[in-house]
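Undergrad: My questions will all concern the structure given below.
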Amino acid sequence: MAYASLLDRLGLHRRELRAWAYYDVANSAFMTTVLMIFPVYFVRVPASGLAAEVARSRFAFATSLAVVLVGLLGPFLGAVADYRGSKKAFLGAFLALGASATAALALATEGRWAFALAAFVVANVGVTSTLAFYNALLPAIASESEVDRVSTAGFAMGYLGGGILFALNLWMISSPATFGLPDEGSATRLAFASVAVWWVLFAIPLFRHVKEPPARAEAGEGERGEGVLRIALRRLGGSVRELRHFRDAGFLLLAFLIYNDAVNTIIRMATTYGDEIGIPASHMMLTLLMVQLVGVPFAFAFGLLADRVGTKRAIFVALAVYAGISVYAFALRTPAQFFVLGFLVGTVQGGAQALARSLFATLIPRHKAGEMFGFFGVFDRFGGAIGSFVFGVMLAATGSSRPAILTLVVFFALGAWLLGEVDVERGRRLAREAEAAAHEAGAA
């Protein structure tokens with residue numbers, strides 16, 4: 001009974017909830033091993049023939065390209081998945097694409113910087129596209145009272161799983177002879193291949209135990225007999241107009257775009273920034289591993305905090321901490337300070353993102369979750385593109401990214417102001433009314 005009560009408090013009390021959360025374990029391996037190790041590896045091996053600042057700026061621009069591609073595809077594919085009831089099929093297709101490209105990073109040897117960037121872009125498109133369909137399954141498996149705990153549980157399990165593989169890969173890279181490998185480069189490339197295998201294996205529970213939500217089978221006037229693509233485009237346009245009706249979901253998207261731009265910038269550019277200011281690579285990797293471990297209890301804690309004070313207030317707490325982190329990052333100079341920075345990031349990273357996901361899930365009609373989370377993915381990933389682009393411009397113009405770090409305070413403050421415009425109760429009421437109207441239309 002105590003075990004069952006604990007699982008209930010953590011949001012893991014049903015098999016489909018645990019299976020859904022395992023996909024956070026699956027994709028988090030990419031977010032740790034690849035996003036944290038590849039930027040440094042790229043500069044030192046595939047792009048070793050380029051000036052360091054040129055290599056870093058090309059990496060930043062490639063990151064921007066990847067998220068722009070996902071942003072253009074996400075809402076349209078979400079609309080198709082909603083209409084056809086094929087969220088899991090699309091998730092599987094992009095998983096195959098992303099895992100294959102991740103495995104291809106093992107072929108990114110010295111001088112092959114163009115190949116390395118191409119594989120990295122495709123792998124990013126794959127992993128970020130799967131997240132839109134994965135997130136869209138959340139409203140179908142969790143009730144309004146469960147959704148905060150379930151979403152933060154997914155992030156917590158992702159931190160744990162991603163951290164385990166990250167630790168193993170760091171061990172392998174730091175001691176390649178222990179694993180029968182000739183050098184650090186070979187160990188790093190094998191680490192990239194291990195992510196592809198891990199990603200596929202831990203995705204299996206979702207495909208086995210999470211049911212596909214029903215398709216949006218209701219056909220509007222003029223839709224019967226039309227092709228799926230045309231219907232998806234028509235409904236996508238309708239959803240864009242409907243965001244004016246779901247005003248609170250729209251304000252949350254804008255807030256998330258602004259503040260998550262800064263969050264994603266910190267995640268994606270951490271090792272690039274640390275390398276620039278002279279933090280040893282081994283120290284950066286250990287710090288990033290610590291972030292994963294710290295993130296596990298604090299992600300669960302933010303789920304419990306949201307139950308006590310409300311989701312919006314819990315997000316405000318995370319944004320206040322992040323603003324302080326930005327100022328601290330601007331001034332840091334030593335490995336010890338980088339370690340403290342990592343600890344602070346670990347306390348809020350999961351909460352800031354997981355609670356935005358769960359709050360958005362309650363502000364949209366469930367039958368439009370695919371396309372709405374497609375928009376969520378656009379605002380999520382375009383935010384990362386803006387931050388990465390700023391870093392690229394700063395590096396190209398000044399040779400330093402410190403000025404970009406300090407601007408993140410403005411992003412967090414503006415995001416908090418926009419979040420304050422969200423009326424949670426009104427937004428949830430409008431979403432449920434839309435669900436009821438859709439159900440009556442389908443029954444008729």
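Ordering of the structure tokens sets the chain letters (A, B, ...); residue numbers start at 1 within each chain; ligands are numbered from 1 in the order shown.
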With a distance cut-off of 12 Å and only C-alpha atoms, select the neighbouring residues of Leu293 in chain A, excluding the residue or stretch itself and same-chain residues fewer than 3 positions from it, and output the selection as a ChimeraX atom specification.

TA: /A:32,155-167,286-290,296-299,342-343,345-347,349-350

Undergrad: Do you have, as JSON lines, the list of residues of range 115-220 of chain A lying at most 9 Å from range 63-72 of chain A, each with its nearest atom pair and that distance in Å to one decimal, counting only C-alpha atoms and ordered by chain then number?

TA:
```
{"residue": "A:Leu117", "atom": "CA", "partner": "A:Thr63", "partner_atom": "CA", "distance": 8.8}
{"residue": "A:Phe120", "atom": "CA", "partner": "A:Thr63", "partner_atom": "CA", "distance": 8.2}
{"residue": "A:Val121", "atom": "CA", "partner": "A:Ala66", "partner_atom": "CA", "distance": 5.0}
{"residue": "A:Val122", "atom": "CA", "partner": "A:Ala66", "partner_atom": "CA", "distance": 7.2}
{"residue": "A:Ala123", "atom": "CA", "partner": "A:Ala66", "partner_atom": "CA", "distance": 8.7}
{"residue": "A:Asn124", "atom": "CA", "partner": "A:Ala66", "partner_atom": "CA", "distance": 6.0}
{"residue": "A:Val125", "atom": "CA", "partner": "A:Val70", "partner_atom": "CA", "distance": 5.7}
{"residue": "A:Gly126", "atom": "CA", "partner": "A:Val70", "partner_atom": "CA", "distance": 8.5}
{"residue": "A:Thr128", "atom": "CA", "partner": "A:Val70", "partner_atom": "CA", "distance": 6.9}
{"residue": "A:Ser129", "atom": "CA", "partner": "A:Val70", "partner_atom": "CA", "distance": 6.2}
```

Undergrad: Of the candidates A:Ala99, A:Met372, A:Leu73, A:Ala62, which shows the shortest atom-to-atom distance to Ala249 in chain A, using only C-alpha atoms?

TA: A:Met372

Undergrad: Quick one: DSSP helix (DSSP H, G or I) residues in range 19-266 of chain A, as a PyMOL selection string?

TA: chain A and resi 19-44+52-84+87-107+113-136+138-141+147-174+176-179+184-209+228-242+247-266

Undergrad: Quick one: everything within 6 Å of range 257-259 of chain A, counting only C-alpha atoms, minus sequence neighbours fewer than 5 positions away in the same chain. Send it as a CSV table (one decimal) with C-alpha atoms, in the first residue's frame.

TA:
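File written: part_38.csv
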```csv
chain,number,residue,atom,x,y,z
A,379,PHE,CA,7.4,27.7,-29.7
A,380,ASP,CA,9.7,25.4,-27.8
A,383,GLY,CA,13.0,29.6,-28.8
A,411,PHE,CA,13.9,36.7,-21.6
A,412,PHE,CA,13.0,35.3,-18.2
A,415,GLY,CA,8.3,35.3,-20.0
```

Undergrad: With a distance cut-off of 10 Å and only C-alpha atoms, select the neighbouring residues of Ala369 in chain A, excluding the residue or stretch itself and same-chain residues fewer than 2 positions from it, and output the selection as a list in words.

TA: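 Selected residues are Gly78, Ala79, Ala81, Asp82, Lys87, Ala132, Phe133, Asn135, Ala136, Leu137, Leu138, Pro139, Ala140, Pro213, Phe360, Ala361, Ile364, Pro365, Arg366, His367, Glu371, Met372, Phe373, Gly374, Phe375 and Phe376 of chain A.
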
Undergrad: When you count only C-alpha atoms, which of these residues is closest to Phe338 in chain A: A:Met284, A:Val294, A:Ala116, A:Ala193?

TA: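 The closest residue to Phe338 in chain A is A:Met284.
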
Undergrad: Find the spatial neighbours of Gly111 in chain A, counting only C-alpha atoms, within a cut-off of 8 Å - ignore same-chain residues fewer than 6 positions away - and output them as a JSON list (two decimals) with N, CA and C atoms, in the first residue's frame.

TA:
```
[["chain", "number", "residue", "atom", "x", "y", "z"],
["A", 45, "VAL", "N", 37.41, 17.54, -33.25],
["A", 45, "VAL", "CA", 37.72, 16.44, -34.18],
["A", 45, "VAL", "C", 37.20, 16.73, -35.59],
["A", 46, "PRO", "N", 35.89, 16.64, -35.87],
["A", 46, "PRO", "CA", 35.46, 16.88, -37.26],
["A", 46, "PRO", "C", 35.85, 18.25, -37.79],
["A", 47, "ALA", "N", 35.80, 19.30, -36.94],
["A", 47, "ALA", "CA", 36.10, 20.66, -37.39],
["A", 47, "ALA", "C", 37.49, 21.11, -36.95],
["A", 48, "SER", "N", 38.39, 20.17, -36.73],
["A", 48, "SER", "CA", 39.72, 20.53, -36.22],
["A", 48, "SER", "C", 40.50, 21.39, -37.19],
["A", 49, "GLY", "N", 40.15, 21.34, -38.47],
["A", 49, "GLY", "CA", 40.84, 22.16, -39.46],
["A", 49, "GLY", "C", 40.34, 23.58, -39.54]]
```

Undergrad: CA of Val409 in chain A to CA of Ser326 in chain A: how many Å, to one decimal?

TA: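 About the pair CA of Val409 in chain A and CA of Ser326 in chain A: they are 6.0 Å apart.
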
Undergrad: List as a ChimeraX atom specification the protein and nucleic acid residues near Thr188 in chain A, meaning an atom at most 9 Å away when only C-alpha atoms are counted, but skip any in the same chain fewer than 2 places from it.

TA: /A:37-38,41,106,169-170,172-173,183-186,190-193

Undergrad: Can you pull out the residues contacting Asp148 in chain A? Cut-off 10 Å, using only C-alpha atoms, and skip same-chain residues under 2 positions away; I want them as a list in words.

TA: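 The neighbour list is Leu10, Gly11, Ala142, Ser143, Glu144, Ser145, Glu146, Val150, Ser151, Thr152, Ala153, Phe300, Phe302, Gly303, Leu304, Leu305, Ala306, Asp307, Gly310, Thr311, Gly351, Ala354, Leu355, Ala356, Arg357, Ser358, Leu359, Ala361 and Thr362 of chain A.
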
Undergrad: Ranking A:Ala93, A:Leu17, A:Ile277, A:Leu35 by minimum distance to Gln337 in chain A and counting only C-alpha atoms, which one comes first?

TA: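 Once distances to Gln337 in chain A are computed over only C-alpha atoms, the minimum belongs to A:Ile277.
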
Undergrad: Taking into account only C-alpha atoms, which residue in the set A:Ile405, A:Val410, A:Leu50, A:Ala104 is nearest to Tyr273 in chain A?

TA: A:Ile405

Undergrad: So which one's closest to Ile266 in chain A, A:Phe246, A:Phe316, A:Phe330, A:Phe59? Using only C-alpha atoms, please.

TA: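 Among A:Phe246, A:Phe316, A:Phe330, A:Phe59, it is A:Phe330 that comes nearest to Ile266 in chain A.
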
Undergrad: In Å, how far is it from CA of Phe389 in chain A to CA of Ser57 in chain A?

TA: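 Going from CA of Phe389 in chain A over to CA of Ser57 in chain A, I get 8.7 Å.
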
Undergrad: So how many Å separate CA of Ala203 in chain A and CA of Ala26 in chain A, to one decimal?

TA: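 Pair CA of Ala203 in chain A / CA of Ala26 in chain A returns 5.7 Å.
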